[in-house]
Amino acid sequence: MDGSPSAGALEARGRAEAGPPRGDARSGIGLRAPHADAILAERPAVGWLEVHAENYMGGGAGPRALAAIREMYPVALHSVGLSLGSDEPLNQEHAARLRALVASFDPLFVSEHLSFSGMGGLYTNALLPLRYDDETLGVLAAKVDELQTLLGRQVLLENPARYLALAASTTEEPEFLAALVAHTGCGLLCDVTNIHVSAENLGFDSLAYLDALPARAVQEIHLAGYATRRYGDCVILLDDHGSRIPDPIWRLYAAAVRRFGEVPALIEWDTALPDLATLVGEATQAEVVASAELLGARACA
Ligand SMILES: [Fe+2]
């Protein structure tokens, strides 16, 4: 693809090449509204919290509770509504609302998805797959560049859970992400569960996928449970964020820690929401797994 990155993209790229500001690599949990009061009262031992940005764009009690929580914890903004992969201009109103949240909460990370969710005035509450080729790279890189310039900071792009592969793609997902990082200076949010779900559904090697990602760009990791569904002879894994982290994800997370080092991990849980203690327990387990891998790596060095 052609085109020169903007000053904002060059600044973001400079930060990426200087090394990610990973800081405290403790694990975090997704903040869901039913837990807000308990978090304020109990101050659980987690390193940070992540929210869906769109839940805080309308004003009211939600942003006020988040402001109180922000006094106690770093907060990351995870956007799900910008539809960066659609062949349409960046939604300026939505991006401006995200910029206002960034100004209010000075987030640890700002992230979006390698997907699209609407076009032509239609919108779906789903993260739809992209064709991985030069044309899509050009569209996506321009919008990521514009968004980073608008926000004045780096944005992380998350790999999606996939249920089909588009035959017209000319490259694989990790190579596409590496090209996006090279063109825009964006960072990556590596969703370990999405890699496993996609690998099982589409039949690729999840460890080879990790190896193909540009390691220095990975600044955040997502961990979640998934569901297994059988349709006749076909077994499909669904990224439903509705259960404890299963063993295959802990094993792939350990491999991710060996590959990427100390990267903050986030427990995502959105359906069949458990009590706060269960979420905190999963975050603690993520730290145990990461510490064991890092200690092992140091012992071998
Ligand atoms: Fe995720």
# chains A, B, ... in the order shown; residues from 1 in each chain; ligands from 1
$ residues_around --residues "Gly121 of chain A" --least-positions-apart "2" --cutoff "12 Å" --atoms "only C-alpha atoms" --output "list in words"
Ser83, Ser86, Glu88, Asn91, Ser117, Gly118, Met119, Tyr123 and Thr124 of chain A
$ residues_near_ligand --ligand "ligand 1" --cutoff "12 Å" --atoms "only C-alpha atoms and all ligand atoms" --output "mmCIF file with C-alpha atoms, in the first residue's frame"
data_model
loop_
_atom_site.group_PDB
_atom_site.id
_atom_site.type_symbol
_atom_site.label_atom_id
_atom_site.label_comp_id
_atom_site.auth_asym_id
_atom_site.auth_seq_id
_atom_site.Cartn_x
_atom_site.Cartn_y
_atom_site.Cartn_z
ATOM 1 C CA ILE A 29 -10.272 -7.542 35.252
ATOM 2 C CA GLY A 30 -13.022 -6.242 33.053
ATOM 3 C CA GLU A 50 -10.878 -2.322 31.624
ATOM 4 C CA VAL A 51 -14.249 -1.005 30.444
ATOM 5 C CA HIS A 52 -16.111 -1.006 27.165
ATOM 6 C CA HIS A 78 -11.790 -0.972 25.111
ATOM 7 C CA SER A 79 -13.836 0.352 22.205
ATOM 8 C CA VAL A 80 -16.193 -1.980 20.367
ATOM 9 C CA SER A 111 -7.979 -0.527 22.106
ATOM 10 C CA GLU A 112 -10.244 -1.521 19.216
ATOM 11 C CA HIS A 113 -10.728 -4.587 17.041
ATOM 12 C CA LEU A 114 -9.416 -5.951 13.764
ATOM 13 C CA LEU A 127 -17.164 -8.127 15.191
ATOM 14 C CA LEU A 156 -4.006 -1.212 20.335
ATOM 15 C CA LEU A 157 -5.694 -3.481 17.760
ATOM 16 C CA GLU A 158 -7.139 -6.791 18.957
ATOM 17 C CA ASN A 159 -7.171 -10.014 16.976
ATOM 18 C CA PRO A 160 -10.774 -11.272 16.635
ATOM 19 C CA ALA A 161 -12.281 -14.694 17.267
ATOM 20 C CA LEU A 188 -1.458 -4.980 19.621
ATOM 21 C CA LEU A 189 -3.900 -6.438 22.101
ATOM 22 C CA CYS A 190 -3.252 -10.169 21.868
ATOM 23 C CA ASP A 191 -6.424 -12.053 22.795
ATOM 24 C CA VAL A 192 -5.100 -15.512 23.635
ATOM 25 C CA THR A 193 -8.572 -17.030 23.750
ATOM 26 C CA ASN A 194 -9.398 -15.632 20.309
ATOM 27 C CA ILE A 195 -6.235 -17.228 18.914
ATOM 28 C CA HIS A 196 -7.228 -20.617 20.364
ATOM 29 C CA VAL A 197 -10.851 -20.340 19.230
ATOM 30 C CA GLU A 220 -1.950 -6.150 26.466
ATOM 31 C CA ILE A 221 -3.309 -9.695 26.629
ATOM 32 C CA HIS A 222 -6.932 -10.828 26.943
ATOM 33 C CA LEU A 223 -7.934 -14.108 28.593
ATOM 34 C CA ALA A 224 -11.480 -15.493 28.642
ATOM 35 C CA GLY A 225 -13.482 -18.661 28.727
ATOM 36 C CA TYR A 226 -15.173 -20.059 25.623
ATOM 37 C CA ASP A 239 -15.820 -16.812 22.242
ATOM 38 C CA ASP A 240 -18.610 -16.241 24.778
ATOM 39 C CA HIS A 241 -16.667 -14.797 27.746
ATOM 40 C CA ALA A 265 -3.238 -9.553 31.132
ATOM 41 C CA LEU A 266 -6.961 -8.853 31.449
ATOM 42 C CA ILE A 267 -9.696 -11.297 32.442
ATOM 43 C CA GLU A 268 -12.755 -10.833 30.192
ATOM 44 C CA TRP A 269 -16.064 -12.158 31.494
ATOM 45 C CA ASP A 270 -19.329 -10.782 30.056
#
$ select_by_dssp --residues "segment 157-192 of chain A" --states "strand (DSSP E or B)" --output "PyMOL selection string"
chain A and resi 157-158+187-191
$ write_last_selection --atoms "C-alpha atoms" --output "PDB file, in the first residue's frame"
ATOM      1  CA  LEU A 157      -5.694  -3.481  17.760  1.00  0.00           C
ATOM      2  CA  GLU A 158      -7.139  -6.791  18.957  1.00  0.00           C
ATOM      3  CA  GLY A 187       0.178  -1.583  19.299  1.00  0.00           C
ATOM      4  CA  LEU A 188      -1.458  -4.980  19.621  1.00  0.00           C
ATOM      5  CA  LEU A 189      -3.900  -6.438  22.101  1.00  0.00           C
ATOM      6  CA  CYS A 190      -3.252 -10.169  21.868  1.00  0.00           C
ATOM      7  CA  ASP A 191      -6.424 -12.053  22.795  1.00  0.00           C
TER       8      ASP A 191
END
$ atom_distance --atom1 "atom CA of Ala65 of chain A" --atom2 "atom CA of Gly47 of chain A"
18.0 Å
$ atom_distance --atom1 "atom CA of Gly58 of chain A" --atom2 "atom CA of Phe105 of chain A"
14.9 Å
$ select_by_dssp --residues "segment 46-174 of chain A" --states "helix (DSSP H, G or I)" --output "PDB file with N, CA and C atoms, in the first residue's frame"
ATOM      1  N   ALA A  53     -15.694   1.171  26.217  1.00  0.00           N
ATOM      2  CA  ALA A  53     -15.801   2.634  26.156  1.00  0.00           C
ATOM      3  C   ALA A  53     -17.235   3.082  25.892  1.00  0.00           C
ATOM      4  N   GLU A  54     -17.945   2.341  25.034  1.00  0.00           N
ATOM      5  CA  GLU A  54     -19.291   2.770  24.638  1.00  0.00           C
ATOM      6  C   GLU A  54     -20.258   2.820  25.823  1.00  0.00           C
ATOM      7  N   ASN A  55     -19.974   2.056  26.874  1.00  0.00           N
ATOM      8  CA  ASN A  55     -20.861   2.063  28.045  1.00  0.00           C
ATOM      9  C   ASN A  55     -20.764   3.359  28.845  1.00  0.00           C
ATOM     10  N   TYR A  56     -19.772   4.204  28.510  1.00  0.00           N
ATOM     11  CA  TYR A  56     -19.545   5.417  29.300  1.00  0.00           C
ATOM     12  C   TYR A  56     -19.646   6.680  28.450  1.00  0.00           C
ATOM     13  N   ALA A  61     -24.810   7.898  35.728  1.00  0.00           N
ATOM     14  CA  ALA A  61     -24.175   7.292  36.896  1.00  0.00           C
ATOM     15  C   ALA A  61     -22.922   6.499  36.527  1.00  0.00           C
ATOM     16  N   GLY A  62     -22.926   5.895  35.334  1.00  0.00           N
ATOM     17  CA  GLY A  62     -21.788   5.069  34.937  1.00  0.00           C
ATOM     18  C   GLY A  62     -20.468   5.826  34.956  1.00  0.00           C
ATOM     19  N   PRO A  63     -20.375   6.948  34.239  1.00  0.00           N
ATOM     20  CA  PRO A  63     -19.125   7.714  34.260  1.00  0.00           C
ATOM     21  C   PRO A  63     -18.752   8.221  35.656  1.00  0.00           C
ATOM     22  N   ARG A  64     -19.784   8.550  36.473  1.00  0.00           N
ATOM     23  CA  ARG A  64     -19.456   9.007  37.834  1.00  0.00           C
ATOM     24  C   ARG A  64     -18.827   7.877  38.653  1.00  0.00           C
ATOM     25  N   ALA A  65     -19.365   6.658  38.526  1.00  0.00           N
ATOM     26  CA  ALA A  65     -18.774   5.515  39.241  1.00  0.00           C
ATOM     27  C   ALA A  65     -17.378   5.233  38.717  1.00  0.00           C
ATOM     28  N   LEU A  66     -17.212   5.340  37.390  1.00  0.00           N
ATOM     29  CA  LEU A  66     -15.891   5.074  36.814  1.00  0.00           C
ATOM     30  C   LEU A  66     -14.875   6.112  37.292  1.00  0.00           C
ATOM     31  N   ALA A  67     -15.311   7.357  37.436  1.00  0.00           N
ATOM     32  CA  ALA A  67     -14.396   8.389  37.924  1.00  0.00           C
ATOM     33  C   ALA A  67     -13.929   8.071  39.342  1.00  0.00           C
ATOM     34  N   ALA A  68     -14.835   7.551  40.162  1.00  0.00           N
ATOM     35  CA  ALA A  68     -14.448   7.176  41.524  1.00  0.00           C
ATOM     36  C   ALA A  68     -13.476   5.996  41.507  1.00  0.00           C
ATOM     37  N   ILE A  69     -13.747   5.033  40.633  1.00  0.00           N
ATOM     38  CA  ILE A  69     -12.857   3.866  40.531  1.00  0.00           C
ATOM     39  C   ILE A  69     -11.496   4.282  39.965  1.00  0.00           C
ATOM     40  N   ARG A  70     -11.522   5.241  39.042  1.00  0.00           N
ATOM     41  CA  ARG A  70     -10.265   5.707  38.430  1.00  0.00           C
ATOM     42  C   ARG A  70      -9.336   6.328  39.469  1.00  0.00           C
ATOM     43  N   GLN A  92     -16.695  10.262  12.926  1.00  0.00           N
ATOM     44  CA  GLN A  92     -16.123  11.372  13.676  1.00  0.00           C
ATOM     45  C   GLN A  92     -16.822  11.595  15.021  1.00  0.00           C
ATOM     46  N   GLU A  93     -18.142  11.407  15.041  1.00  0.00           N
ATOM     47  CA  GLU A  93     -18.868  11.612  16.305  1.00  0.00           C
ATOM     48  C   GLU A  93     -18.449  10.586  17.337  1.00  0.00           C
ATOM     49  N   HIS A  94     -18.358   9.343  16.897  1.00  0.00           N
ATOM     50  CA  HIS A  94     -17.970   8.281  17.837  1.00  0.00           C
ATOM     51  C   HIS A  94     -16.527   8.492  18.306  1.00  0.00           C
ATOM     52  N   ALA A  95     -15.653   8.844  17.364  1.00  0.00           N
ATOM     53  CA  ALA A  95     -14.252   9.063  17.727  1.00  0.00           C
ATOM     54  C   ALA A  95     -14.117  10.242  18.688  1.00  0.00           C
ATOM     55  N   ALA A  96     -14.941  11.273  18.498  1.00  0.00           N
ATOM     56  CA  ALA A  96     -14.888  12.429  19.403  1.00  0.00           C
ATOM     57  C   ALA A  96     -15.340  12.038  20.812  1.00  0.00           C
ATOM     58  N   ARG A  97     -16.351  11.168  20.877  1.00  0.00           N
ATOM     59  CA  ARG A  97     -16.786  10.705  22.206  1.00  0.00           C
ATOM     60  C   ARG A  97     -15.675   9.891  22.872  1.00  0.00           C
ATOM     61  N   LEU A  98     -14.962   9.095  22.084  1.00  0.00           N
ATOM     62  CA  LEU A  98     -13.847   8.327  22.658  1.00  0.00           C
ATOM     63  C   LEU A  98     -12.739   9.278  23.118  1.00  0.00           C
ATOM     64  N   ARG A  99     -12.494  10.302  22.317  1.00  0.00           N
ATOM     65  CA  ARG A  99     -11.467  11.285  22.701  1.00  0.00           C
ATOM     66  C   ARG A  99     -11.836  11.963  24.026  1.00  0.00           C
ATOM     67  N   ALA A 100     -13.098  12.248  24.224  1.00  0.00           N
ATOM     68  CA  ALA A 100     -13.526  12.877  25.487  1.00  0.00           C
ATOM     69  C   ALA A 100     -13.279  11.933  26.671  1.00  0.00           C
ATOM     70  N   LEU A 101     -13.529  10.647  26.461  1.00  0.00           N
ATOM     71  CA  LEU A 101     -13.262   9.680  27.537  1.00  0.00           C
ATOM     72  C   LEU A 101     -11.767   9.587  27.830  1.00  0.00           C
ATOM     73  N   VAL A 102     -10.967   9.614  26.775  1.00  0.00           N
ATOM     74  CA  VAL A 102      -9.509   9.578  26.963  1.00  0.00           C
ATOM     75  C   VAL A 102      -9.061  10.783  27.790  1.00  0.00           C
ATOM     76  N   ALA A 103      -9.633  11.947  27.475  1.00  0.00           N
ATOM     77  CA  ALA A 103      -9.276  13.156  28.220  1.00  0.00           C
ATOM     78  C   ALA A 103      -9.718  13.047  29.678  1.00  0.00           C
ATOM     79  N   SER A 104     -10.844  12.411  29.939  1.00  0.00           N
ATOM     80  CA  SER A 104     -11.367  12.323  31.304  1.00  0.00           C
ATOM     81  C   SER A 104     -10.632  11.300  32.154  1.00  0.00           C
ATOM     82  N   PHE A 105     -10.256  10.167  31.533  1.00  0.00           N
ATOM     83  CA  PHE A 105      -9.792   9.047  32.348  1.00  0.00           C
ATOM     84  C   PHE A 105      -8.320   8.698  32.146  1.00  0.00           C
ATOM     85  N   ASP A 134      -3.939  -6.164   0.674  1.00  0.00           N
ATOM     86  CA  ASP A 134      -3.401  -4.795   0.637  1.00  0.00           C
ATOM     87  C   ASP A 134      -4.501  -3.740   0.683  1.00  0.00           C
ATOM     88  N   GLU A 135      -5.625  -4.026   0.028  1.00  0.00           N
ATOM     89  CA  GLU A 135      -6.703  -3.034   0.002  1.00  0.00           C
ATOM     90  C   GLU A 135      -7.240  -2.797   1.417  1.00  0.00           C
ATOM     91  N   THR A 136      -7.507  -3.883   2.137  1.00  0.00           N
ATOM     92  CA  THR A 136      -7.994  -3.736   3.513  1.00  0.00           C
ATOM     93  C   THR A 136      -6.939  -3.081   4.388  1.00  0.00           C
ATOM     94  N   LEU A 137      -5.677  -3.436   4.177  1.00  0.00           N
ATOM     95  CA  LEU A 137      -4.609  -2.830   4.961  1.00  0.00           C
ATOM     96  C   LEU A 137      -4.598  -1.316   4.762  1.00  0.00           C
ATOM     97  N   GLY A 138      -4.769  -0.878   3.512  1.00  0.00           N
ATOM     98  CA  GLY A 138      -4.782   0.560   3.248  1.00  0.00           C
ATOM     99  C   GLY A 138      -5.923   1.266   3.955  1.00  0.00           C
ATOM    100  N   VAL A 139      -7.114   0.688   3.888  1.00  0.00           N
ATOM    101  CA  VAL A 139      -8.289   1.282   4.539  1.00  0.00           C
ATOM    102  C   VAL A 139      -8.084   1.339   6.051  1.00  0.00           C
ATOM    103  N   LEU A 140      -7.670   0.216   6.603  1.00  0.00           N
ATOM    104  CA  LEU A 140      -7.539   0.131   8.056  1.00  0.00           C
ATOM    105  C   LEU A 140      -6.406   1.020   8.570  1.00  0.00           C
ATOM    106  N   ALA A 141      -5.277   1.012   7.862  1.00  0.00           N
ATOM    107  CA  ALA A 141      -4.128   1.806   8.313  1.00  0.00           C
ATOM    108  C   ALA A 141      -4.489   3.294   8.310  1.00  0.00           C
ATOM    109  N   ALA A 142      -5.222   3.741   7.297  1.00  0.00           N
ATOM    110  CA  ALA A 142      -5.594   5.163   7.238  1.00  0.00           C
ATOM    111  C   ALA A 142      -6.482   5.534   8.424  1.00  0.00           C
ATOM    112  N   LYS A 143      -7.412   4.644   8.776  1.00  0.00           N
ATOM    113  CA  LYS A 143      -8.319   4.969   9.887  1.00  0.00           C
ATOM    114  C   LYS A 143      -7.619   4.862  11.236  1.00  0.00           C
ATOM    115  N   VAL A 144      -6.733   3.883  11.394  1.00  0.00           N
ATOM    116  CA  VAL A 144      -5.972   3.786  12.645  1.00  0.00           C
ATOM    117  C   VAL A 144      -5.075   5.012  12.794  1.00  0.00           C
ATOM    118  N   ASP A 145      -4.455   5.406  11.689  1.00  0.00           N
ATOM    119  CA  ASP A 145      -3.610   6.599  11.684  1.00  0.00           C
ATOM    120  C   ASP A 145      -4.423   7.829  12.099  1.00  0.00           C
ATOM    121  N   GLU A 146      -5.588   7.991  11.503  1.00  0.00           N
ATOM    122  CA  GLU A 146      -6.451   9.137  11.808  1.00  0.00           C
ATOM    123  C   GLU A 146      -6.897   9.099  13.274  1.00  0.00           C
ATOM    124  N   LEU A 147      -7.249   7.921  13.757  1.00  0.00           N
ATOM    125  CA  LEU A 147      -7.716   7.801  15.141  1.00  0.00           C
ATOM    126  C   LEU A 147      -6.590   8.126  16.127  1.00  0.00           C
ATOM    127  N   GLN A 148      -5.393   7.607  15.858  1.00  0.00           N
ATOM    128  CA  GLN A 148      -4.265   7.881  16.757  1.00  0.00           C
ATOM    129  C   GLN A 148      -3.933   9.369  16.770  1.00  0.00           C
ATOM    130  N   THR A 149      -4.018   9.997  15.617  1.00  0.00           N
ATOM    131  CA  THR A 149      -3.759  11.440  15.546  1.00  0.00           C
ATOM    132  C   THR A 149      -4.821  12.204  16.331  1.00  0.00           C
ATOM    133  N   LEU A 150      -6.075  11.794  16.170  1.00  0.00           N
ATOM    134  CA  LEU A 150      -7.180  12.457  16.872  1.00  0.00           C
ATOM    135  C   LEU A 150      -7.043  12.310  18.384  1.00  0.00           C
ATOM    136  N   LEU A 151      -6.673  11.104  18.828  1.00  0.00           N
ATOM    137  CA  LEU A 151      -6.561  10.850  20.270  1.00  0.00           C
ATOM    138  C   LEU A 151      -5.233  11.340  20.832  1.00  0.00           C
ATOM    139  N   GLU A 173      -3.480 -13.687   9.297  1.00  0.00           N
ATOM    140  CA  GLU A 173      -3.805 -12.629  10.262  1.00  0.00           C
ATOM    141  C   GLU A 173      -2.587 -12.047  10.986  1.00  0.00           C
ATOM    142  N   PRO A 174      -1.670 -12.870  11.502  1.00  0.00           N
ATOM    143  CA  PRO A 174      -0.551 -12.253  12.237  1.00  0.00           C
ATOM    144  C   PRO A 174       0.355 -11.419  11.333  1.00  0.00           C
TER     145      PRO A 174
END
$ closest_residue --among "A:Ala254, A:Leu84, A:Val235, A:Ala167" --to "Leu210 of chain A" --atoms "only C-alpha atoms"
A:Ala254
$ atom_distance --atom1 "atom CA of Arg298 of chain A" --atom2 "atom CA of Asp247 of chain A"
23.9 Å
$ residues_around --residues "Val289 of chain A" --least-positions-apart "3" --cutoff "9 Å" --atoms "only C-alpha atoms" --output "list in words"
Trp250, Arg251, Tyr253, Ala254, Val257, Thr284, Gln285, Ala286, Ala292, Glu293 and Leu294 of chain A
$ closest_residue --among "A:Leu40, A:Tyr231, A:Val263, A:Leu279" --to "Arg244 of chain A" --atoms "only C-alpha atoms"
A:Leu279
$ closest_residue --among "A:Thr171, A:Ser243, A:Thr184, A:Asn201" --to "Arg230 of chain A" --atoms "only C-alpha atoms"
A:Asn201
$ closest_residue --among "A:Cys300, A:Ala215, A:Leu164, A:Ala277" --to "Pro44 of chain A" --atoms "only C-alpha atoms"
A:Ala277
